[in-house]
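A.B. asks: Take a look at this one; I'll ask things after.
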Amino acid sequence: MASKIEYSQNPPVISVRGSEGLFLLSPNQNNYSQLAKFNNFQDDSKNCRISTFDQTGKYFAYCNSIQVKVIDLENNCSVLSSIDRPRTSYIRFSPLGNYIVLWETFHISKDAQKESSNLNIYESKSGKLIKSVVHKKQLERFVEWSSDESVFALLSNNGELVFCEPSNPDVVINRIRMENLSNYSFNPVSKCIAVYASGKKSEPSFVRLFKYPDLSNALSNKSFFNSDRVEFKWNKSGTNLLLLCSTETSANSYYGDSTLHQININGESQAVQLSKKGPIYALDWNPARDEFVVVYGTMPAKATLFNGKSEAIYDFGTGPRNECFYNHQGNLLCLAGFGNLRGRIELWNVSSSNKVPQEISAFQADDTTYFEWSPDGEHLMTATTAPRLRVSNGFKVWNYSGENLYNYSMSGNNELWQVQWQQGLYQAKPVFKKTAPTAVVKEETKAYVPPHLRGANRQSQVVTKLHQDDEKPDKALKIKPTEKAPGEDIEKQIKNLKKKLSQIQDLKKKQASGVKLESNQLDKIKHENDVVAELKKLGGV
């Protein structure tokens, strides 16, 4: 019997960290136009290094350059534990909040004249140290956990991926050894592991997909050239994975090239076909359905919605965009242009009740350097933070209709370093298209007109809109079930399996003649019997 989902009842609070110190703000009865100090919590330290909430919304942790403190948000912000790690610059909780991972820049202790362990795992409530290692390279995620916290994965300095249990963290219960292994991702839901090994010289880079605890047989394998790094993007169930491959530089661009690939646990892999040339700025999976959106191409950038098979199902047109964010419930999508763009935000209703995505609001948030959806799915936050921008620092809270509910500005020359929403699980609510106050929506900026072209008779010689090249959304490109002839899928599978079998035979001939095969080619040969069995099952032999 499935357990009953417990939704959060209280509105999420906001943490604010800057040169004025650290404090928490909460709305008055879910009214975000009135924010007040949460339980009078405040740390006046002027050098608070980092802060974060856990995924359940129960705990909050921060480092004030003296100690790392873990706060119980459900018990009047009482201090659960204090950990003497003043140099901490990375904090992350485990999925259930029972453990906390701390990392600090590697240094050699002057007193002991030896390497000091800079990656540490503690129990959140007691502050008890359970594992301590040296990890010189900073990563996005040092330790990744299963959803029940029964096992965690850690990439060691020598490129070996090890798995341990919190109850006995010094014993390695499983491992993946692979030459040039430089990145990985452990999905907490499916317990699937994706590992990336960079290629050398003429050898390709590759990603392999495993299912824990069976780490000897890869579920899927994808190799590619021209890749210096890979970003992993899982769907919610952990069965489908997007690989954003990019290079540092290329012949086409000083900023490098990027390509997008998809692999899944069924052994299928393919390149995601994009209809406009240029960089890939952002992508995001819908947390409610097996769909993802990609923002790509030369400016004005294009945004396209794909299904789980990487088939384009809706075109949002082009515009000044370089970011995309789904809310936690998956019924609203934000397309935005931040950084060197002017901060235009488009919000789209993509709920399952809508046959076609519908734009519900568009507004502008100037100088935005940070964006985050509230976990309630109805509010969003934009911020101008240092060091990206050191003037006009502050944050704003909006609703999805584009109405600015709250505006917080830093006083004087004070800087804002970080703002965050408290996490939690909130029930999805129906999306309504409301009209925001007219003051929020800005008029279209006119293009500059040279003096010699000014005048009533010469205005027509210039284009007055800045976004005259923007393409409108293609409503014709919406999801339609593809009609296939009976047996077409089976014929296609047989054809692909025969092709694989032919490739395996060619590889075996090369191996017999003394040619040294690559590791991914040897894997293909190992799965020959599986291919033959599947072919017989489909009646292809």
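Chain identifiers are assigned as A, B, and so on, following the order in which chains appear in the structure tokens; residues are numbered from 1 within each chain, and ligands are numbered from 1 in order of appearance.
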Could you list, as a count of residues only, every residue within 12 Å of A:Thr384, counting only C-alpha atoms and ignoring same-chain residues fewer than 6 positions away?
C.D. replies: 27
A.B. asks: Taking 5 positions as the minimum chain separation for residues in the same chain, which residues sit within 6 Å of stretch 198-210 of chain A when counting only C-alpha atoms? Answer as a VMD selection string.
C.D. replies: chain A and resid 180 192 to 193 215 218 to 225
A.B. asks: Among stretch 24-151 of chain A, which residues does DSSP mark as strand (DSSP E or B) when it is run on the backbone? Keep the chain and numbering as in the structure and answer as number ranges by chain.
C.D. replies: A: 24-28, 31-43, 50-53, 59-63, 68-72, 78-83, 88-93, 99-104, 108-109, 114-115, 119-123, 129-133, 143-145
A.B. asks: For the atom pair atom CA of A:Pro279 and atom CA of A:Ala362, what is the interatomic distance in Å to one decimal place?
C.D. replies: 24.2 Å
A.B. asks: Just the number, please: distance in Å from atom CA of A:Asn187 to atom CA of A:Leu155, one decimal.
C.D. replies: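 Value for the atom CA of A:Asn187-atom CA of A:Leu155 distance: 14.6 Å.
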